[in-house]
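Chemist: Handing over my_file.cif, mmCIF, C-alpha atoms and all ligand atoms.
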data_entry
loop_
_atom_site.label_atom_id
_atom_site.label_comp_id
_atom_site.auth_asym_id
_atom_site.auth_seq_id
_atom_site.Cartn_x
_atom_site.Cartn_y
_atom_site.Cartn_z
CA MET A 334 8.62 -41.56 19.11
CA GLN A 335 6.89 -40.02 16.13
CA LYS A 336 8.70 -37.08 14.58
CA THR A 337 7.09 -33.66 14.36
CA VAL A 338 6.86 -32.12 10.91
CA TYR A 339 6.19 -28.42 10.27
CA MET A 340 4.98 -26.76 7.10
CA CYS A 341 3.78 -23.21 6.46
CA PHE A 342 0.83 -22.33 4.25
CA SER A 343 0.55 -18.89 2.73
CA THR A 344 -2.18 -19.69 0.25
CA ASP A 345 -5.88 -19.00 0.31
CA ILE A 346 -6.57 -21.30 -2.65
CA ILE A 347 -6.22 -24.97 -1.75
CA HIS A 348 -5.63 -27.23 -4.73
CA GLY A 349 -4.41 -30.73 -5.57
CA GLY A 350 -0.75 -29.71 -5.30
CA HIS A 351 -1.25 -28.70 -1.67
CA ILE A 352 -3.04 -31.96 -0.80
CA ASN A 353 -0.20 -33.84 -2.44
CA ILE A 354 2.51 -32.14 -0.39
CA ILE A 355 0.42 -32.49 2.83
CA ASN A 356 0.13 -36.24 2.16
CA LYS A 357 3.88 -36.54 1.64
CA ALA A 358 4.67 -34.45 4.75
CA ALA A 359 2.22 -36.44 6.91
CA GLN A 360 4.09 -39.62 6.04
CA LEU A 361 7.18 -38.19 7.73
CA GLY A 362 5.51 -37.70 11.14
CA SER A 363 2.91 -35.71 13.03
CA LEU A 364 2.15 -32.72 10.82
CA VAL A 365 1.73 -29.22 12.22
CA ILE A 366 0.73 -26.53 9.72
CA GLY A 367 1.62 -22.90 10.26
CA ILE A 368 -0.96 -20.60 8.70
CA LEU A 369 0.41 -17.25 7.66
CA SER A 370 -1.41 -14.28 9.17
CA ASP A 371 -3.54 -12.03 6.94
CA GLU A 372 -1.07 -9.20 7.51
CA ALA A 373 1.94 -11.29 6.47
CA ILE A 374 0.14 -12.60 3.36
CA SER A 375 -0.90 -9.16 2.21
CA SER A 376 2.63 -7.80 2.44
CA TYR A 377 4.11 -10.94 0.86
CA LYS A 378 1.75 -11.80 -1.99
CA ARG A 379 -1.60 -10.08 -2.17
CA TYR A 380 -4.53 -9.39 0.10
CA PRO A 381 -6.04 -12.81 1.00
CA LEU A 382 -9.51 -13.45 -0.41
CA VAL A 383 -10.14 -15.99 2.37
CA ASP A 384 -9.34 -14.64 5.84
CA PHE A 385 -7.18 -16.27 8.52
CA ASN A 386 -9.97 -17.96 10.51
CA GLU A 387 -11.54 -19.49 7.45
CA ARG A 388 -8.17 -20.68 6.14
CA LYS A 389 -7.46 -22.19 9.55
CA GLU A 390 -10.73 -24.10 9.50
CA ILE A 391 -10.22 -25.39 5.96
CA ILE A 392 -6.66 -26.55 6.53
CA SER A 393 -7.32 -28.16 9.92
CA SER A 394 -9.98 -30.35 8.36
CA ILE A 395 -7.59 -31.80 5.76
CA HIS A 396 -6.72 -35.46 6.37
CA GLY A 397 -3.20 -35.85 7.73
CA VAL A 398 -3.02 -32.46 9.48
CA SER A 399 -2.70 -32.98 13.23
CA LYS A 400 -2.57 -29.35 14.34
CA VAL A 401 -2.65 -25.80 12.96
CA VAL A 402 -0.92 -22.75 14.45
CA GLU A 403 -0.55 -19.14 13.33
CA GLN A 404 2.71 -18.03 11.69
CA LYS A 405 2.80 -14.27 12.15
CA ASN A 406 5.68 -13.47 9.78
CA LEU A 407 7.18 -14.87 6.65
CA SER A 408 10.12 -15.82 8.88
CA TYR A 409 9.77 -19.26 10.54
CA LYS A 410 11.92 -18.17 13.49
CA GLU A 411 9.22 -17.71 16.13
CA ASN A 412 7.52 -21.04 15.40
CA ILE A 413 10.75 -23.01 15.01
CA LYS A 414 11.97 -21.74 18.41
CA ARG A 415 8.62 -22.58 20.00
CA LEU A 416 7.83 -25.91 18.34
CA LYS A 417 11.34 -27.26 17.61
CA PRO A 418 10.05 -29.49 14.76
CA ASP A 419 12.24 -32.45 13.73
CA ILE A 420 11.47 -31.80 10.07
CA ILE A 421 10.43 -28.78 8.03
CA VAL A 422 8.83 -29.40 4.66
CA HIS A 423 8.73 -26.96 1.74
CA GLY A 424 8.57 -27.02 -2.05
CA ASP A 425 11.99 -26.48 -3.66
CA ASP A 426 10.81 -23.27 -5.37
CA TRP A 427 12.07 -21.08 -2.49
CA LYS A 428 15.75 -21.55 -3.34
CA THR A 429 15.61 -18.35 -5.35
CA GLY A 430 13.62 -15.12 -5.21
CA VAL A 431 11.99 -13.30 -2.32
CA GLN A 432 11.95 -16.40 -0.08
CA LYS A 433 15.67 -17.26 -0.44
CA PRO A 434 16.73 -15.49 2.81
CA ILE A 435 13.79 -17.10 4.64
CA ARG A 436 15.04 -20.52 3.55
CA GLU A 437 18.58 -19.70 4.66
CA GLU A 438 17.32 -18.65 8.09
CA VAL A 439 15.32 -21.90 8.39
CA ILE A 440 18.43 -23.98 7.60
CA ALA A 441 20.52 -22.08 10.18
CA LEU A 442 17.83 -22.47 12.87
CA LEU A 443 17.41 -26.20 12.14
CA ASN A 444 21.18 -26.69 12.33
CA GLU A 445 21.17 -25.33 15.88
CA TYR A 446 19.41 -28.47 17.16
CA GLY A 447 19.85 -31.02 14.36
CA GLY A 448 16.49 -30.52 12.62
CA GLU A 449 16.08 -31.48 8.98
CA LEU A 450 14.76 -29.65 5.91
CA VAL A 451 12.91 -31.79 3.38
CA GLU A 452 12.18 -30.15 0.03
CA PHE A 453 9.81 -31.67 -2.48
CA PRO A 454 10.03 -30.72 -6.15
CA TYR A 455 7.67 -27.84 -6.86
CA SER A 456 5.37 -28.64 -9.73
CA LYS A 457 4.19 -25.70 -11.78
CA ASN A 458 0.64 -26.28 -12.85
CA GLU A 459 -1.30 -24.24 -15.37
CA VAL A 460 -4.63 -24.70 -13.61
CA HIS A 461 -3.13 -23.45 -10.33
CA ASP A 462 -1.61 -20.46 -12.09
CA ALA A 463 -4.99 -19.68 -13.65
CA LEU A 464 -6.64 -19.84 -10.19
CA GLU A 465 -4.08 -17.40 -8.78
CA LYS A 466 -4.58 -15.08 -11.76
CA HIS A 467 -8.33 -15.25 -11.19
CA ALA A 468 -7.85 -14.39 -7.50
CA ARG A 469 -5.79 -11.33 -8.43
CA GLU A 470 -8.42 -10.23 -10.92
CA GLN A 471 -11.02 -10.47 -8.15
CA LEU A 472 -9.00 -7.99 -6.10
CA ALA A 473 -9.15 -5.47 -8.96
CA ILE A 474 -12.96 -5.52 -9.20
CA PRO A 475 -14.18 -2.07 -8.06
CA ASP A 476 -16.24 -3.36 -5.11
CA MET A 477 -13.36 -5.49 -3.83
CA ARG A 478 -10.71 -2.83 -4.33
CA ARG A 479 -12.70 0.03 -2.80
CA GLY A 480 -13.39 -1.72 0.50
CA ARG A 481 -9.87 -2.97 1.01
CA LEU A 482 -8.42 0.31 2.32
CA LYS A 483 -10.72 0.23 5.37
CA LYS A 484 -9.89 -3.43 5.92
CA LEU A 485 -6.15 -2.76 5.75
CA LEU A 486 -6.53 0.16 8.14
CA SER A 487 -8.29 -1.95 10.73
CA MET A 488 -5.86 -4.85 10.22
CA LYS A 489 -2.65 -2.84 10.46
CA GLY A 490 -3.51 0.35 12.33
CA CYS A 491 -1.10 2.30 10.15
CA ILE A 492 -0.66 1.82 6.41
CA ASN A 493 1.53 3.41 3.76
CA ALA A 494 0.91 4.59 0.20
CA ILE A 495 3.20 5.65 -2.64
CA GLU A 496 2.39 7.90 -5.54
CA ALA A 497 1.39 6.49 -8.89
CA HIS A 498 0.68 8.60 -11.97
CA SER A 499 0.70 6.01 -14.80
CA GLY A 500 0.44 2.30 -15.48
CA ILE A 501 4.17 1.78 -14.99
CA THR A 502 4.41 3.70 -11.69
CA GLY A 503 1.27 1.81 -10.63
CA LEU A 504 3.12 -1.45 -11.31
CA ILE A 505 6.07 -0.27 -9.21
CA ALA A 506 3.67 0.54 -6.35
CA GLU A 507 1.95 -2.81 -6.84
CA LYS A 508 4.94 -5.11 -7.11
CA THR A 509 7.90 -3.69 -5.21
CA THR A 510 8.70 -6.11 -2.38
CA VAL A 511 11.54 -6.05 0.11
CA VAL A 512 12.46 -8.81 2.55
CA ASP A 513 14.20 -7.63 5.69
CA ASP A 514 14.68 -9.46 8.95
CA GLY A 515 12.20 -12.22 8.12
CA LYS A 516 9.47 -9.81 7.15
CA THR A 517 8.21 -8.79 3.73
CA TYR A 518 7.33 -5.23 2.96
CA GLN A 519 5.09 -3.88 0.23
CA PHE A 520 3.17 -0.67 -0.18
CA ASP A 521 -0.41 -0.96 1.01
CA ALA A 522 -1.99 1.59 -1.31
CA MET A 523 -1.40 4.13 -4.10
CA TRP A 524 -1.68 7.92 -3.99
CA VAL A 525 -2.79 9.57 -7.21
CA SER A 526 -1.06 12.88 -6.53
CA SER A 527 -2.20 16.08 -8.25
CA LEU A 528 1.42 17.24 -8.33
CA CYS A 529 2.73 14.10 -10.03
CA ASP A 530 -0.27 13.64 -12.33
CA SER A 531 0.14 17.29 -13.49
CA THR A 532 3.94 17.01 -13.74
CA ALA A 533 3.69 13.87 -15.88
CA LYS A 534 1.57 15.93 -18.28
CA GLY A 535 4.03 18.83 -18.19
CA LYS A 536 1.54 21.08 -16.44
CA PRO A 537 1.59 23.09 -13.18
CA ASP A 538 -0.22 21.76 -10.10
CA ILE A 539 -3.06 24.33 -10.16
CA GLU A 540 -6.14 22.16 -10.87
CA LEU A 541 -5.44 22.73 -14.57
CA VAL A 542 -5.53 19.01 -15.40
CA ASP A 543 -9.28 18.42 -15.46
CA MET A 544 -11.17 15.60 -13.75
CA THR A 545 -11.74 13.68 -16.98
CA SER A 546 -8.00 13.52 -17.47
CA ARG A 547 -7.36 12.67 -13.80
CA PHE A 548 -9.89 9.81 -14.12
CA ARG A 549 -8.04 8.59 -17.21
CA THR A 550 -4.87 8.36 -15.11
CA ILE A 551 -6.75 6.36 -12.45
CA ASP A 552 -8.02 4.06 -15.17
CA ASP A 553 -4.50 3.47 -16.53
CA ILE A 554 -3.34 2.54 -13.03
CA MET A 555 -6.37 0.38 -12.29
CA GLU A 556 -6.00 -1.62 -15.47
CA VAL A 557 -2.73 -3.16 -14.28
CA THR A 558 -2.94 -3.14 -10.47
CA THR A 559 -5.07 -4.39 -7.58
CA LYS A 560 -4.09 -2.19 -4.63
CA PRO A 561 -6.44 0.41 -3.15
CA ILE A 562 -6.29 3.98 -4.42
CA ILE A 563 -6.28 7.27 -2.50
CA PHE A 564 -7.12 10.16 -4.80
CA ASP A 565 -5.72 13.66 -4.33
CA GLY A 566 -8.85 15.71 -5.06
CA ASP A 567 -7.17 19.14 -4.67
CA THR A 568 -9.87 21.53 -3.34
CA GLY A 569 -12.67 19.29 -4.58
CA GLY A 570 -13.78 22.21 -6.79
CA LEU A 571 -17.28 23.63 -6.51
CA THR A 572 -19.55 21.68 -4.17
CA GLU A 573 -21.95 21.19 -7.10
CA HIS A 574 -19.12 19.52 -9.02
CA PHE A 575 -17.62 17.67 -6.04
CA VAL A 576 -20.69 15.46 -5.58
CA TYR A 577 -20.22 14.13 -9.12
CA THR A 578 -16.52 13.51 -8.49
CA VAL A 579 -17.38 11.47 -5.37
CA LYS A 580 -19.89 9.34 -7.25
CA SER A 581 -17.53 8.74 -10.17
CA LEU A 582 -14.59 7.78 -7.97
CA GLU A 583 -16.73 5.47 -5.93
CA ARG A 584 -18.05 3.76 -9.06
CA MET A 585 -14.51 3.29 -10.34
CA GLY A 586 -13.43 1.55 -7.12
CA VAL A 587 -11.31 4.33 -5.59
CA SER A 588 -11.27 4.04 -1.78
CA MET A 589 -10.60 7.57 -0.58
CA ILE A 590 -10.55 11.17 -1.74
CA ILE A 591 -8.60 13.81 0.16
CA ILE A 592 -9.71 17.41 -0.35
CA GLU A 593 -7.87 20.45 0.98
CA ASP A 594 -9.50 23.46 2.63
CA LYS A 595 -8.38 25.98 0.02
CA THR A 596 -10.39 28.01 -2.44
CA GLY A 597 -9.81 29.92 -5.67
CA LEU A 598 -6.66 29.24 -7.66
CA LYS A 599 -4.99 26.42 -5.80
CA LYS A 600 -1.19 26.24 -5.74
CA ASN A 601 0.91 23.38 -4.40
CA SER A 602 1.11 23.39 -0.59
CA LEU A 603 4.88 23.08 -0.57
CA PHE A 604 5.07 26.71 -1.83
CA GLY A 605 3.58 27.67 1.55
CA THR A 606 3.22 31.44 1.93
CA GLU A 607 5.63 32.16 -0.98
CA VAL A 608 2.58 32.35 -3.27
CA GLU A 609 -0.91 33.70 -2.75
CA GLN A 610 -3.23 30.97 -1.47
CA THR A 611 -6.64 31.36 0.14
CA GLN A 612 -8.00 29.06 2.80
CA ASP A 613 -11.68 28.17 2.55
CA SER A 614 -14.05 29.17 5.35
CA ILE A 615 -14.88 26.46 7.86
CA GLU A 616 -18.59 26.77 7.00
CA ASN A 617 -18.11 26.43 3.27
CA PHE A 618 -15.71 23.47 3.56
CA CYS A 619 -18.06 21.71 6.00
CA GLU A 620 -20.88 22.09 3.46
CA LYS A 621 -18.67 20.50 0.80
CA ILE A 622 -17.87 17.54 3.08
CA LYS A 623 -21.53 17.08 3.99
CA ALA A 624 -22.60 17.18 0.32
CA GLY A 625 -19.92 14.61 -0.58
CA LYS A 626 -20.93 12.26 2.23
CA LYS A 627 -24.55 12.54 1.16
CA ALA A 628 -23.65 11.75 -2.45
CA GLN A 629 -21.68 8.56 -1.78
CA LYS A 630 -23.48 5.27 -2.21
CA THR A 631 -21.35 2.72 -0.33
CA LYS A 632 -20.06 2.44 3.25
CA ASP A 633 -16.53 1.80 2.00
CA PHE A 634 -15.70 5.16 0.43
CA MET A 635 -13.93 7.74 2.57
CA ILE A 636 -13.74 11.52 2.32
CA VAL A 637 -10.75 12.98 4.13
CA ALA A 638 -10.43 16.68 4.99
CA ARG A 639 -6.97 18.14 4.54
CA ILE A 640 -6.08 21.10 6.72
CA GLU A 641 -3.77 23.77 5.34
CA SER A 642 -3.54 25.97 8.46
CA LEU A 643 0.07 25.02 9.25
CA ILE A 644 1.11 25.42 5.59
CA LEU A 645 -0.45 28.90 5.51
CA GLU A 646 0.92 29.77 8.98
CA ARG A 647 -2.48 30.28 10.60
CA GLY A 648 -1.45 28.41 13.74
CA MET A 649 -2.11 25.20 15.62
CA GLU A 650 -5.31 26.45 17.23
CA ASP A 651 -6.86 27.14 13.80
CA ALA A 652 -5.79 23.68 12.57
CA LEU A 653 -7.43 21.96 15.54
CA ILE A 654 -10.65 23.98 15.34
CA ARG A 655 -10.91 23.04 11.69
CA ALA A 656 -10.14 19.37 12.36
CA PHE A 657 -12.98 19.03 14.87
CA ALA A 658 -15.39 21.03 12.66
CA PHE A 659 -14.59 18.86 9.65
CA THR A 660 -15.00 15.57 11.53
CA SER A 661 -18.32 16.85 12.93
CA ALA A 662 -19.38 17.58 9.34
CA GLY A 663 -18.76 13.91 8.52
CA ALA A 664 -15.14 13.73 7.31
CA ASP A 665 -13.86 10.15 7.57
CA GLY A 666 -10.33 11.28 8.30
CA ILE A 667 -8.06 14.28 8.70
CA MET A 668 -4.90 15.01 6.75
CA ILE A 669 -2.61 17.48 8.44
CA HIS A 670 0.09 18.99 6.26
CA SER A 671 3.31 20.88 6.98
CA ARG A 672 6.30 21.99 4.97
CA LYS A 673 8.66 22.23 7.91
CA LYS A 674 11.74 20.02 8.03
CA SER A 675 11.07 19.31 11.69
CA PRO A 676 8.06 17.09 12.46
CA ASP A 677 7.31 18.94 15.71
CA GLU A 678 4.18 20.78 14.58
CA ILE A 679 2.76 17.59 13.06
CA PHE A 680 3.46 15.69 16.29
CA GLU A 681 1.85 18.48 18.34
CA PHE A 682 -1.26 18.44 16.14
CA VAL A 683 -1.58 14.65 16.36
CA GLU A 684 -1.17 14.67 20.13
CA LYS A 685 -3.76 17.40 20.67
CA PHE A 686 -6.22 15.89 18.19
CA ARG A 687 -5.87 12.46 19.77
CA GLN A 688 -6.63 13.88 23.24
CA LYS A 689 -10.19 14.39 22.04
CA ASP A 690 -10.53 11.94 19.16
CA LYS A 691 -8.97 8.50 19.43
CA LEU A 692 -10.43 6.93 16.31
CA THR A 693 -10.64 9.21 13.26
CA PRO A 694 -7.79 8.24 10.91
CA ILE A 695 -4.99 10.81 10.58
CA VAL A 696 -3.07 11.08 7.31
CA VAL A 697 0.39 12.63 6.88
CA VAL A 698 2.54 13.39 3.83
CA PRO A 699 6.12 13.50 5.10
CA THR A 700 7.83 15.12 2.11
CA SER A 701 9.60 17.78 4.22
CA PHE A 702 9.62 16.06 7.61
CA ASN A 703 11.03 12.92 6.04
CA SER A 704 13.22 11.69 8.90
CA VAL A 705 10.31 10.12 10.79
CA THR A 706 9.77 6.37 10.36
CA GLU A 707 6.35 4.80 9.83
CA GLU A 708 6.74 3.05 13.18
CA GLU A 709 7.13 6.36 15.01
CA PHE A 710 4.17 7.88 13.18
CA LYS A 711 2.09 4.84 14.19
CA ASP A 712 3.17 5.10 17.84
CA ARG A 713 2.10 8.73 17.86
CA GLY A 714 -1.36 7.94 16.45
CA VAL A 715 -1.00 8.42 12.68
CA ASN A 716 -2.85 5.96 10.44
CA ILE A 717 -1.80 6.69 6.86
CA VAL A 718 1.66 7.72 5.67
CA ILE A 719 1.80 8.89 2.05
CA TYR A 720 5.02 9.10 0.03
CA ALA A 721 3.54 11.65 -2.32
CA ASN A 722 6.11 12.39 -5.02
CA GLN A 723 9.30 10.33 -4.65
CA LEU A 724 8.90 8.26 -7.83
CA THR A 725 8.46 11.38 -9.95
CA ARG A 726 11.32 13.17 -8.20
CA SER A 727 13.71 10.25 -8.75
CA GLY A 728 12.58 9.31 -12.27
CA PHE A 729 12.75 12.79 -13.79
CA PRO A 730 16.45 13.58 -12.98
CA ALA A 731 17.45 10.13 -14.29
CA MET A 732 15.78 10.84 -17.65
CA GLN A 733 17.23 14.34 -17.76
CA ARG A 734 20.78 13.00 -17.21
CA THR A 735 20.33 10.47 -20.01
CA ALA A 736 19.04 13.13 -22.42
CA GLU A 737 22.03 15.40 -21.64
CA THR A 738 24.51 12.54 -22.09
CA ILE A 739 23.12 11.79 -25.58
CA LEU A 740 23.24 15.47 -26.58
CA LYS A 741 26.79 15.86 -25.34
CA ASN A 742 28.12 12.79 -27.18
CA HIS A 743 25.99 13.00 -30.34
CA ARG A 744 25.23 9.32 -29.86
CA ALA A 745 23.62 6.99 -27.28
CA LYS A 746 26.57 4.70 -26.46
CA GLU A 747 27.66 6.67 -23.37
CA ALA A 748 24.10 6.63 -22.02
CA ASP A 749 23.80 2.86 -22.29
CA ASP A 750 25.09 2.17 -18.77
CA MET A 751 22.37 4.43 -17.39
CA CYS A 752 19.69 2.36 -19.12
CA MET A 753 17.97 -0.96 -18.61
CA SER A 754 18.96 -3.54 -21.20
CA ILE A 755 16.70 -3.88 -24.23
CA LYS A 756 15.95 -7.45 -23.14
CA ASP A 757 14.85 -6.25 -19.70
CA ILE A 758 12.59 -3.53 -21.05
CA LEU A 759 11.01 -5.93 -23.55
CA THR A 760 10.22 -8.46 -20.83
CA LEU A 761 9.41 -5.99 -18.04
CA ILE A 762 5.71 -6.15 -18.75
CA PRO A 763 4.48 -9.70 -19.34
CA GLU A 764 2.16 -9.97 -22.34
CA ASP A 765 -0.61 -11.75 -20.47
CA TYR A 766 -0.60 -9.49 -17.42
C1 LIG B 1 0.32 16.10 -4.03
O1 LIG B 1 1.05 15.10 -4.02
O2 LIG B 1 -0.12 16.58 -5.07
C2 LIG B 1 -0.06 16.74 -2.77
C3 LIG B 1 0.84 16.67 -1.61
O3 LIG B 1 -1.10 17.36 -2.73
S1 LIG B 1 1.80 18.09 -1.67
O4 LIG B 1 2.50 18.14 -2.93
O5 LIG B 1 2.73 18.04 -0.53
O6 LIG B 1 0.92 19.27 -1.54
MG MG B 2 -1.91 17.78 -4.60
#
Starting from the file, lay out its structure as structure tokens.

Modeler:
Amino acid sequence: MQKTVYMCFSTDIIHGGHINIINKAAQLGSLVIGILSDEAISSYKRYPLVDFNERKEIISSIHGVSKVVEQKNLSYKENIKRLKPDIIVHGDDWKTGVQKPIREEVIALLNEYGGELVEFPYSKNEVHDALEKHAREQLAIPDMRRGRLKKLLSMKGCINAIEAHSGITGLIAEKTTVVDDGKTYQFDAMWVSSLCDSTAKGKPDIELVDMTSRFRTIDDIMEVTTKPIIFDGDTGGLTEHFVYTVKSLERMGVSMIIIEDKTGLKKNSLFGTEVEQTQDSIENFCEKIKAGKKAQKTKDFMIVARIESLILERGMEDALIRAFAFTSAGADGIMIHSRKKSPDEIFEFVEKFRQKDKLTPIVVVPTSFNSVTEEEFKDRGVNIVIYANQLTRSGFPAMQRTAETILKNHRAKEADDMCMSIKDILTLIPEDY
């Protein structure tokens, strides 16, 4: 009887190397190709330029492929258990790096029933590398980047974002990948926080850093990344100014602005009622939202209204009245904020809002109520979870400790163990990025 051969494809660019390995695999038996889901690809590599159905059609029409199936995760487990292939084929490039534990799991699963792993030498090819680089560059084009947040939201239901305030923090948000239990995890988007952008410039978070400077930060991040951007627009400023901000952000390829319903001198929400803060009137804030929606030119851009009622201790009822008024005014989403350690008031808001509105995306920033997992937020009806300041809050103490160690010892030797090696810092950023 003919053997069954299984191979997984995670690429959306088919080139000669792929045809070559398909030909070799087909010679070993009846070839089934697993096509990685859009969700798995976007958390493993990058957002696919060609979607699942199209990839399925292309690959199933290649000579030598007898069947195509979906592979939902990077892990082969589900499909191996279901299909029990005699042979699994892969390039030998997965012996190291992110895919190493996936390979080990495949070997263990094959050993359970005497299946075989066949690895063909992986050939690095400059043309293929150039195609991949080109695909990445496509993702960074403003039109492509802007629309991707909506696509990710509808694909995943709940997405996450981490703060970025510079090129290097943008790269961390872009590239950090973790493999756990056969799944890969990456951040979906970046949050350009007013707190972290101001802090990086040594300034307080009071709308002192002007828009031109905030745009410069976005530009620095955009130059070296491809992921969608959510911009912290503070109060949005005067309505007459806000409409220009919306148009500029949209042109740059930012996907979403979140503005908070405060007025006058804005202070950071995490101060709560310890400082004087004034909430905007519902009428005025609705006018700002309406003006912003009217100013935007594309369908992709989103304006999210952030409600400060819980922060300012004005009560749940006030928060809900505002939420429904702001969505009626055209807000594309609601961010509800709290500085309580317990997530109870956030959960209560989400439950009550969802009783009347099942669709409008809800955004949370769990800096204080940080014990809740993304999975629980999703189950309760939250759509965007933003880690708003953790890179700044971890990076700053590390630098401060190093500075103190040098001062104390009148030399840098003792600080060396706290630092990356010179070789690592020199090669951290590739020259042709
Ligand atoms: C920010 O990151 O700047 C925010 C979130 O606006 S918070 O600091 O919690 O107000
Ligand atoms: Mg802010």

Chemist: Please identify the residues whose atoms come within 12 Å of ligand MG 2 (chain B), using all atoms listed in the file, and report them as a PyMOL selection string.

Modeler: chain A and resi 496+524-532+537-542+547+563-569+590-595+599-604+639+641+670+698+719+721-722

Chemist: Output, as lines of an AutoDock Vina configuration file, the centre and edge lengths in Å (one decimal) of the axis-aligned box that contains all listed atoms of ligand LIG 1 (chain B) with 4 Å of margin on each side.

Modeler:
center_x = 0.8
center_y = 17.2
center_z = -2.8
size_x = 11.8
size_y = 12.2
size_z = 12.5

Chemist: Determine the nearest neighbour of ligand LIG 1 (chain B) from the options A:Ser343, A:Ile644, A:Cys752, A:Ser370, counting only C-alpha atoms and all ligand atoms.

Modeler: A:Ile644

Chemist: Counting all atoms listed in the file, which of A:Val576, A:Ile391, A:Met555, A:Ala494 gets nearest to ligand LIG 1 (chain B)?

Modeler: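 With all atoms listed in the file as the atom set, the closest residue is A:Ala494.
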
Chemist: Could you tell me how far atom CA of Asp552 of chain A lies from atom CA of Lys632 of chain A, in Å and to one decimal?

Modeler: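 So the two atoms, atom CA of Asp552 of chain A and atom CA of Lys632 of chain A, lie 22.1 Å apart.
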
Chemist: What does the distance from atom CA of Met753 of chain A to atom CA of Trp427 of chain A come to in Å, to one decimal?

Modeler: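 So the answer is 26.4 Å.
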
Chemist: Do a neighbour search on Gln610 of chain A at 8 Å with only C-alpha atoms, toss out local chain neighbours closer than 2 positions, and write the hits as a PDB file with C-alpha atoms, keeping the file's coordinate frame.

Modeler:
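What landed in result.pdb:
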ATOM      1  CA  LYS A 595      -8.380  25.980   0.020  1.00  0.00           C
ATOM      2  CA  THR A 596     -10.390  28.010  -2.440  1.00  0.00           C
ATOM      3  CA  GLY A 597      -9.810  29.920  -5.670  1.00  0.00           C
ATOM      4  CA  LEU A 598      -6.660  29.240  -7.660  1.00  0.00           C
ATOM      5  CA  LYS A 599      -4.990  26.420  -5.800  1.00  0.00           C
ATOM      6  CA  LYS A 600      -1.190  26.240  -5.740  1.00  0.00           C
ATOM      7  CA  THR A 606       3.220  31.440   1.930  1.00  0.00           C
ATOM      8  CA  VAL A 608       2.580  32.350  -3.270  1.00  0.00           C
ATOM      9  CA  GLN A 612      -8.000  29.060   2.800  1.00  0.00           C
ATOM     10  CA  LEU A 645      -0.450  28.900   5.510  1.00  0.00           C
TER      11      LEU A 645
END

Chemist: From the list A:Met751, A:Ser581, A:Pro475, A:Cys491, which residue is nearest Ala736 of chain A when using all atoms listed in the file?

Modeler: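 Of A:Met751, A:Ser581, A:Pro475, A:Cys491, the one nearest Ala736 of chain A, counting all atoms listed in the file, is A:Met751.
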
Chemist: Just give me the residues with any atom within 8 Å of (-13.4, -0.6, -9.6), file coordinates, counting all atoms listed in the file, written as a ChimeraX atom specification.

Modeler: /A:473-479,555,583-587

Chemist: One number please: atom CA of Asp613 of chain A to atom CA of Phe680 of chain A, in Å, one decimal.

Modeler: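 That distance, rounded to one decimal, is 24.0 Å.
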
Chemist: I'd like the neighbourhood of Thr738 of chain A as a list in words, where a residue qualifies if any of its atoms comes within 12 Å (using all atoms listed in the file), though same-chain residues fewer than 3 positions away should be ignored.

Modeler: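 Contacts, with the query itself left out: Ala731, Met732, Gln733, Arg734, Thr735, Lys741, Asn742, His743, Arg744, Ala745, Lys746, Glu747, Ala748, Asp749, Asp750, Met751 and Cys752 of chain A.
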
Chemist: Fewer than 4 positions away in the same chain doesn't count, so skip those; otherwise give me all residues within 8 Å of segment 404-406 of chain A, counting only C-alpha atoms, as an MDAnalysis selection string.

Modeler: chainID A and resid 341 367:370 372:373 411:412 515:516

Chemist: Which residue is closest to Glu616 of chain A? Choose from A:Ile395, A:Ala658, A:Ile551, A:Leu643 and count all atoms listed in the file.

Modeler: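 Among A:Ile395, A:Ala658, A:Ile551, A:Leu643, it is A:Ala658 that comes nearest to Glu616 of chain A.
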
Chemist: Could you pull the residues within 7 Å of segment 349-362 of chain A, counting only C-alpha atoms, minus those fewer than 5 positions along the same chain, as a list in words?

Modeler: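 Counting only C-alpha atoms, the residues come to Gln335, Lys336, Thr337, Val338, Gly397 and Val422 of chain A.
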
Chemist: Selection from above, C-alpha atoms, as a PDB file, keeping the file's coordinate frame, can you write it?

Modeler:
ATOM      1  CA  GLN A 335       6.890 -40.020  16.130  1.00  0.00           C
ATOM      2  CA  LYS A 336       8.700 -37.080  14.580  1.00  0.00           C
ATOM      3  CA  THR A 337       7.090 -33.660  14.360  1.00  0.00           C
ATOM      4  CA  VAL A 338       6.860 -32.120  10.910  1.00  0.00           C
ATOM      5  CA  GLY A 397      -3.200 -35.850   7.730  1.00  0.00           C
ATOM      6  CA  VAL A 422       8.830 -29.400   4.660  1.00  0.00           C
TER       7      VAL A 422
END

Chemist: Using only C-alpha atoms and all ligand atoms, which of A:Ala628, A:Met488, A:Leu692, A:Val718 sits nearest ligand LIG 1 (chain B)?

Modeler: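 Among A:Ala628, A:Met488, A:Leu692, A:Val718, it is A:Val718 that comes nearest to ligand LIG 1 (chain B).
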
Chemist: Got a sec: who's within 9 Å of Glu452 of chain A, counting all atoms listed in the file, leaving out chain neighbours fewer than 3 positions off, as a list in words?

Modeler: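 Near Glu452 of chain A, the qualifying residues are Ile421, Val422, His423, Gly424, Asp425, Asp426 and Tyr455 of chain A.
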
Chemist: Ranking A:Arg469, A:His348, A:Arg481, A:Arg647 by minimum distance to Ile392 of chain A and counting all atoms listed in the file, which one comes first?

Modeler: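 Ranked by minimum distance to Ile392 of chain A, first place goes to A:His348.
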
Chemist: Show me as number ranges by chain the residues that reach within 12 Å of (5.0, 20.0, 14.5), counting all atoms listed in the file and using the file's own coordinates.

Modeler: A: 643-644, 646, 648-649, 652, 669-685, 697, 699, 701-702, 705
